[in-house]
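So the structure is just underneath, and the comments pick up after that.
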Amino acid sequence: MFFSPGFVPLLFRNNGLISFQKLRHVYLRQQDGDVLSASASIASSLSVGDLKAADRTGYLLPDPDDRIANGRPIIGMLGRDILPGGAIVELDIPGRRITFSIPQIGCPSSSHSPPTRSISMQQEVLLVPVQINGQLVQAVLDPDLPVSVLPSNMANTVGLSSADLAKDKSVVTKFGKSVLGRRHHVKTLDVGDVRLQNFAFDVEDDVQYAMLGLNFFDLGQAVFDFSDQRFSFTQTTKVLPSATSLHFDQTKVAYVSINQ
């Protein structure tokens with residue numbers, strides 16, 4: 001299963017011989033306002049790492065998956081509902097490792113990452129303050145998004161003109177659905193005390209927030225502290241890995257309201 005701290009619910013997909021029962025019909029209202037028909041469901045004895053096996057409730061999406069990773073079928077997405085309350089998630093994509101921890105009473109909420117300045121994080125949509133070309137904006141943290149995204153109506157705020165964007169190549173981003181945009185490399189992106197230069201954003205009309213995607217998280221260790229609602233990032237590499245098409249491709253279901 002995919003995992004992203006940017007998701008809240010558990011989302012299931014049937015794949016081959018692995019199937020999930022349909023308990024009741026629900027509608028998932030997606031981030032863009034569209035409504036997706038789905039079913040409440042349950043995964044029996046689901047465990048992740050040291051998290052104790054238990055029956056986990058979630059939602060079965062209508063489209064099955066036929067993809068395989070490391071010889072195993074892909075059956076959906078794990079969101080924050082899998083985590084105990086107040087968990088700390090360390091996402092180390094260059095190191096190919098995810099760590100879940102629970103701070104003990106009387107102990108500081110820290111992870112194995114090197115010390116770095118943390119920034120406030122709104123927990124529901126993981127919104128954090130960042131600076132693009134020196135201009136302060138809010139950005140959503142979304143590790144499953146293949147590339148970072150900037151709304152067209154925010155481009156002028158960060159110093160990008162229509163003439164600048166006209167020089168950029170057209171790209172199509174898979175963001176729930178395929179969206180046409182322009183890929184622009186901003187001069188600087190500041191997240192906490194980390195500064196990235198010549199950082200790529202897809203500038204698009206069909207998004208509400210700036211979003212930091214996989215091309216950001218590929219560069220280091222990210223710590224999501226849900227106990228204190230803080231986020232920190234430590235850059236550990238300057239080299240992006242080869243692009244992959246292996247994404248959940250249902251990003252717009254990340255934030256849902258349920259109509260039963």
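Numbering starts fresh at 1 for the residues of each chain in the structure tokens, the chains themselves are lettered A, B, ... in the order given, and ligands are numbered from 1 as they appear.
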Task: Close residues, region 68-76 of chain A itself excluded, 8 Å, only C-alpha atoms, min 3 positions apart in chain, as a list of chain:residue names - done: A:Met1, A:Phe2, A:Leu10, A:Leu11, A:Phe12, A:Arg13, A:Asn14, A:Asn15, A:Gly16, A:Ile18, A:Asp65, A:Phe248
TODO: Can you pull out every residue within 9 Å of His184 (chain A), counting only C-alpha atoms, but drop anything in the same chain fewer than 4 positions away, and send it as a PyMOL selection string?
DONE: chain A and resi 164-165+167-169+198-203
Open item on the list: Just checking: using only C-alpha atoms, which residue out of A:Ile98, A:Val140, A:Ile42, A:Lys22 ends up closest to Leu127 (chain A)?
Closed with: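 Of A:Ile98, A:Val140, A:Ile42, A:Lys22, the one nearest Leu127 (chain A), counting only C-alpha atoms, is A:Val140.
Comparing A:Ala222, A:Val48, A:Val239, A:Val137 by their smallest distance to Asp92 (chain A), the closest is A:Ala222 (using only C-alpha atoms).
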Open item on the list: Restricting the calculation to only C-alpha atoms: of A:Leu150, A:Ile132, A:Leu212, A:Val223, which residue gets closest to Val186 (chain A)?
Closed with: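 For Val186 (chain A), the nearest of the candidates is A:Ile132.
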TODO: Within region 14-234 of chain A, find each residue whose DSSP state, derived from the backbone, is strand (DSSP E or B), and express the selection as a PyMOL selection string.
DONE: chain A and resi 15+18+24-29+35-48+51-60+68-69+72-73+76-78+88-92+97-101+119-120+122+127-132+135-141+149-151+170-175+177-191+194-204+210-212+220-225+230-234
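Note that the spacing between CA of Asp228 (chain A) and CA of Gly192 (chain A) amounts to 15.9 Å.
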Open item on the list: Nearest residue to Gly79 (chain A) out of A:Val8, A:Ala54, A:Leu91, A:Leu145, using only C-alpha atoms?
Closed with: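 Of all the options, A:Val8 lies closest to Gly79 (chain A).
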Task: Nearby residues (only C-alpha atoms) at most 8 Å from Ser152 (chain A), same-chain spacing under 3 positions excluded, as a list in words - done: Ala155, Asn156, Val203, Glu204 and Asp205 of chain A
Open item on the list: DSSP on the backbone, helix (DSSP H, G or I) only: what residues of region 143-250 of chain A does that give? Format it as a PyMOL selection string.
Closed with: chain A and resi 152-155+162-166+214-217
Task: Minimum-distance residue to Leu126 (chain A), chosen among A:Ser170, A:Ser39, A:Gln138, A:Ser161 (using only C-alpha atoms) - done: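 Looking only at the distances to Leu126 (chain A), the closest residue turns out to be A:Gln138.
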List as a short mmCIF file (atom, residue, chain, number, x, y, z; two decimals) with C-alpha atoms, in the first residue's frame the protein and nucleic acid residues near Ser41 (chain A), meaning an atom at most 9 Å away when only C-alpha atoms are counted, but skip any in the same chain fewer than 6 places from it.
```cif
data_model
loop_
_atom_site.label_atom_id
_atom_site.label_comp_id
_atom_site.auth_asym_id
_atom_site.auth_seq_id
_atom_site.Cartn_x
_atom_site.Cartn_y
_atom_site.Cartn_z
CA LEU A 11 -8.45 3.99 0.85
CA PHE A 12 -8.66 0.48 -0.58
CA PHE A 20 -12.53 -5.87 0.05
CA GLN A 21 -16.16 -6.21 1.06
CA LYS A 22 -18.64 -3.42 0.47
CA LEU A 23 -20.34 -2.50 3.74
CA ARG A 24 -22.42 0.50 2.72
CA ARG A 56 -9.03 -1.02 10.05
CA THR A 57 -11.98 0.80 8.54
CA GLY A 58 -11.68 2.76 5.31
CA TYR A 59 -13.25 3.31 1.90
CA LEU A 60 -13.20 1.05 -1.14
#
```
TODO: Considering only C-alpha atoms, return as a list in words whatever protein or nucleic-acid residues lie within 8 Å of Ile93 (chain A), sequence-local ones (same chain, fewer than 5 positions apart) excluded.
DONE: Ile98, Phe217, Asp218, Leu219, Gly220 and Gln221 of chain A
Using C-alpha atoms, can you export the residues from the last selection as a CSV table (one decimal), in the first residue's frame?
```
chain,number,residue,atom,x,y,z
A,98,ILE,CA,9.4,5.5,7.1
A,217,PHE,CA,10.5,15.2,-0.5
A,218,ASP,CA,13.0,13.3,-2.7
A,219,LEU,CA,15.7,15.7,-1.4
A,220,GLY,CA,15.8,14.7,2.2
A,221,GLN,CA,14.2,13.8,5.5
```
Task: Counting only C-alpha atoms, the residue of A:Thr236, A:Gln229, A:Ser45, A:Gln135 that sits nearest Ala87 (chain A) - done: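 Closest to Ala87 (chain A), using only C-alpha atoms: A:Gln229.
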